[in-house]
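Chemist: Below is one structure. I have some questions about it.
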Amino acid sequence: RALSVVLTSATTGAAITNGTLTATGPVMATEPCSGSCDLSGPAGTYTFEMSAPGYVTADHSVVVHGTNPACGCGSVTTANVAIALFPSS
């Protein structure tokens, strides 16, 4: 997997269980995020948005290191990312 994200509330530290990860880069995807979520894909630069009802959306960018040989047998080092969202009001 390319990304492993932990999603919490910036004010309470509690897991946010109704979040969404929207990624662009080597992989374009939208995934549900229930406190944590993963995204599979090749090495490269990923830009992603974390959102959840009642919270301010956060944008993030991360470089996933690895190899992308022509054989399709590449490997990646998972980027572990912690995102804390602030309440919208």
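Residue numbers start at 1 in each chain; chains themselves are named A, B, ... in the order of the structure tokens; ligands are numbered from 1 in the order shown.
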Show which residues sit within 7 Å of A:Thr77, as JSON, numbers by chain. Count only C-alpha atoms, and ignore same-chain residues fewer than 2 positions away.
Modeler: {"A": [2, 64, 65, 66, 79]}
Chemist: Output N, CA and C atoms of each residue in that selection to a file, as a CSV table (one decimal), in the first residue's frame.
Modeler:
```
chain,number,residue,atom,x,y,z
A,2,ALA,N,0.4,2.3,-0.6
A,2,ALA,CA,1.1,3.5,-0.8
A,2,ALA,C,0.9,4.4,0.4
A,64,VAL,N,5.6,9.1,-2.0
A,64,VAL,CA,5.7,7.6,-1.7
A,64,VAL,C,6.9,7.1,-2.4
A,65,HIS,N,7.9,6.6,-1.7
A,65,HIS,CA,9.2,6.2,-2.3
A,65,HIS,C,9.0,4.7,-2.7
A,66,GLY,N,9.7,4.3,-3.7
A,66,GLY,CA,9.7,2.9,-4.2
A,66,GLY,C,10.2,2.9,-5.6
A,79,ALA,N,3.8,5.3,3.1
A,79,ALA,CA,3.8,6.6,3.8
A,79,ALA,C,2.7,6.6,4.9
```
Chemist: Using only C-alpha atoms for the distances, tell me which of A:Ser88, A:Gly35, A:Val56, A:Arg1 is nearest to A:Ala15.
Modeler: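 Going through A:Ser88, A:Gly35, A:Val56, A:Arg1 one by one, the smallest distance to A:Ala15 is for A:Gly35.
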Chemist: Any idea what's packed within 6 Å of A:Ser9, counting only C-alpha atoms, ignoring anything in its chain fewer than 3 positions away? Could you give it as a PyMOL selection string?
Modeler: chain A and resi 12-14+84-85
Chemist: Excluding same-chain residues fewer than 6 positions from A:Ser4, what lies within 12 Å of it counting only C-alpha atoms, as a ChimeraX atom specification?
Modeler: /A:21,31,33,35-41,48,62,64,77-83
Chemist: Grab the residues selected above and save them as an mmCIF file, in the first residue's frame with N, CA, C and O atoms.
Modeler:
```
data_model
loop_
_atom_site.group_PDB
_atom_site.id
_atom_site.type_symbol
_atom_site.label_atom_id
_atom_site.label_comp_id
_atom_site.auth_asym_id
_atom_site.auth_seq_id
_atom_site.Cartn_x
_atom_site.Cartn_y
_atom_site.Cartn_z
ATOM 1 N N LEU A 21 -11.288 9.987 2.051
ATOM 2 C CA LEU A 21 -9.993 10.313 1.461
ATOM 3 C C LEU A 21 -10.192 10.387 -0.045
ATOM 4 O O LEU A 21 -10.712 9.448 -0.649
ATOM 5 N N GLU A 31 -11.938 7.002 -1.128
ATOM 6 C CA GLU A 31 -12.080 5.872 -0.213
ATOM 7 C C GLU A 31 -12.723 6.326 1.094
ATOM 8 O O GLU A 31 -12.415 7.405 1.595
ATOM 9 N N CYS A 33 -13.029 6.482 5.084
ATOM 10 C CA CYS A 33 -11.985 6.462 6.107
ATOM 11 C C CYS A 33 -12.658 6.453 7.479
ATOM 12 O O CYS A 33 -13.212 7.444 7.918
ATOM 13 N N GLY A 35 -11.609 6.225 10.796
ATOM 14 C CA GLY A 35 -10.543 6.304 11.788
ATOM 15 C C GLY A 35 -9.182 6.048 11.176
ATOM 16 O O GLY A 35 -8.202 6.657 11.546
ATOM 17 N N SER A 36 -9.141 5.133 10.215
ATOM 18 C CA SER A 36 -7.920 4.894 9.444
ATOM 19 C C SER A 36 -8.309 4.347 8.083
ATOM 20 O O SER A 36 -9.397 3.799 7.912
ATOM 21 N N CYS A 37 -7.425 4.536 7.120
ATOM 22 C CA CYS A 37 -7.684 4.037 5.776
ATOM 23 C C CYS A 37 -6.367 3.875 5.038
ATOM 24 O O CYS A 37 -5.363 4.490 5.393
ATOM 25 N N ASP A 38 -6.382 3.033 4.033
ATOM 26 C CA ASP A 38 -5.208 2.748 3.232
ATOM 27 C C ASP A 38 -5.526 2.979 1.762
ATOM 28 O O ASP A 38 -6.674 2.854 1.339
ATOM 29 N N LEU A 39 -4.488 3.292 1.011
ATOM 30 C CA LEU A 39 -4.629 3.450 -0.432
ATOM 31 C C LEU A 39 -3.465 2.708 -1.091
ATOM 32 O O LEU A 39 -2.308 2.954 -0.757
ATOM 33 N N SER A 40 -3.782 1.804 -1.968
ATOM 34 C CA SER A 40 -2.757 1.057 -2.700
ATOM 35 C C SER A 40 -2.387 1.806 -3.969
ATOM 36 O O SER A 40 -3.228 2.461 -4.577
ATOM 37 N N GLY A 41 -1.108 1.689 -4.351
ATOM 38 C CA GLY A 41 -0.668 2.310 -5.576
ATOM 39 C C GLY A 41 0.839 2.294 -5.686
ATOM 40 O O GLY A 41 1.535 1.862 -4.767
ATOM 41 N N PHE A 48 -3.797 14.523 -1.540
ATOM 42 C CA PHE A 48 -5.090 14.013 -1.113
ATOM 43 C C PHE A 48 -5.789 14.981 -0.184
ATOM 44 O O PHE A 48 -5.178 15.841 0.436
ATOM 45 N N VAL A 62 2.135 14.001 -0.204
ATOM 46 C CA VAL A 62 3.189 13.129 0.319
ATOM 47 C C VAL A 62 3.860 12.404 -0.842
ATOM 48 O O VAL A 62 3.202 12.077 -1.837
ATOM 49 N N VAL A 64 5.593 9.055 -1.982
ATOM 50 C CA VAL A 64 5.729 7.639 -1.660
ATOM 51 C C VAL A 64 6.943 7.129 -2.422
ATOM 52 O O VAL A 64 7.001 7.224 -3.644
ATOM 53 N N THR A 77 7.447 1.972 -0.251
ATOM 54 C CA THR A 77 7.551 2.116 1.191
ATOM 55 C C THR A 77 6.329 2.906 1.618
ATOM 56 O O THR A 77 6.149 4.056 1.193
ATOM 57 N N THR A 78 5.460 2.304 2.421
ATOM 58 C CA THR A 78 4.206 2.946 2.822
ATOM 59 C C THR A 78 4.470 4.265 3.530
ATOM 60 O O THR A 78 5.297 4.334 4.438
ATOM 61 N N ALA A 79 3.767 5.315 3.103
ATOM 62 C CA ALA A 79 3.819 6.611 3.783
ATOM 63 C C ALA A 79 2.733 6.609 4.854
ATOM 64 O O ALA A 79 1.546 6.490 4.533
ATOM 65 N N ASN A 80 3.138 6.694 6.117
ATOM 66 C CA ASN A 80 2.196 6.739 7.234
ATOM 67 C C ASN A 80 1.913 8.204 7.563
ATOM 68 O O ASN A 80 2.844 8.961 7.845
ATOM 69 N N VAL A 81 0.640 8.582 7.505
ATOM 70 C CA VAL A 81 0.250 9.972 7.670
ATOM 71 C C VAL A 81 -0.839 10.075 8.729
ATOM 72 O O VAL A 81 -1.815 9.317 8.702
ATOM 73 N N ALA A 82 -0.660 11.007 9.665
ATOM 74 C CA ALA A 82 -1.696 11.289 10.672
ATOM 75 C C ALA A 82 -2.310 12.653 10.335
ATOM 76 O O ALA A 82 -1.588 13.627 10.191
ATOM 77 N N ILE A 83 -3.625 12.675 10.202
ATOM 78 C CA ILE A 83 -4.354 13.907 9.880
ATOM 79 C C ILE A 83 -5.333 14.190 11.017
ATOM 80 O O ILE A 83 -6.113 13.309 11.405
#
```
Chemist: Using only C-alpha atoms, find the one residue out of A:Val76, A:Leu7, A:Ala70, A:Ala43 that sits nearest to A:Thr20.
Modeler: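 That would be A:Leu7, the residue with the smallest distance to A:Thr20.
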Chemist: Find the residues around A:Thr47 up to 7 Å (only C-alpha atoms counted), leave out those fewer than 3 positions away in its own chain, and share them as a ChimeraX atom specification.
Modeler: /A:23-25,60-62
Chemist: Which value, in Å to one decimal, gives the distance between atom CA of A:Ala58 and atom CA of A:Gly44?
Modeler: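 Separation between atom CA of A:Ala58 and atom CA of A:Gly44: 20.1 Å.
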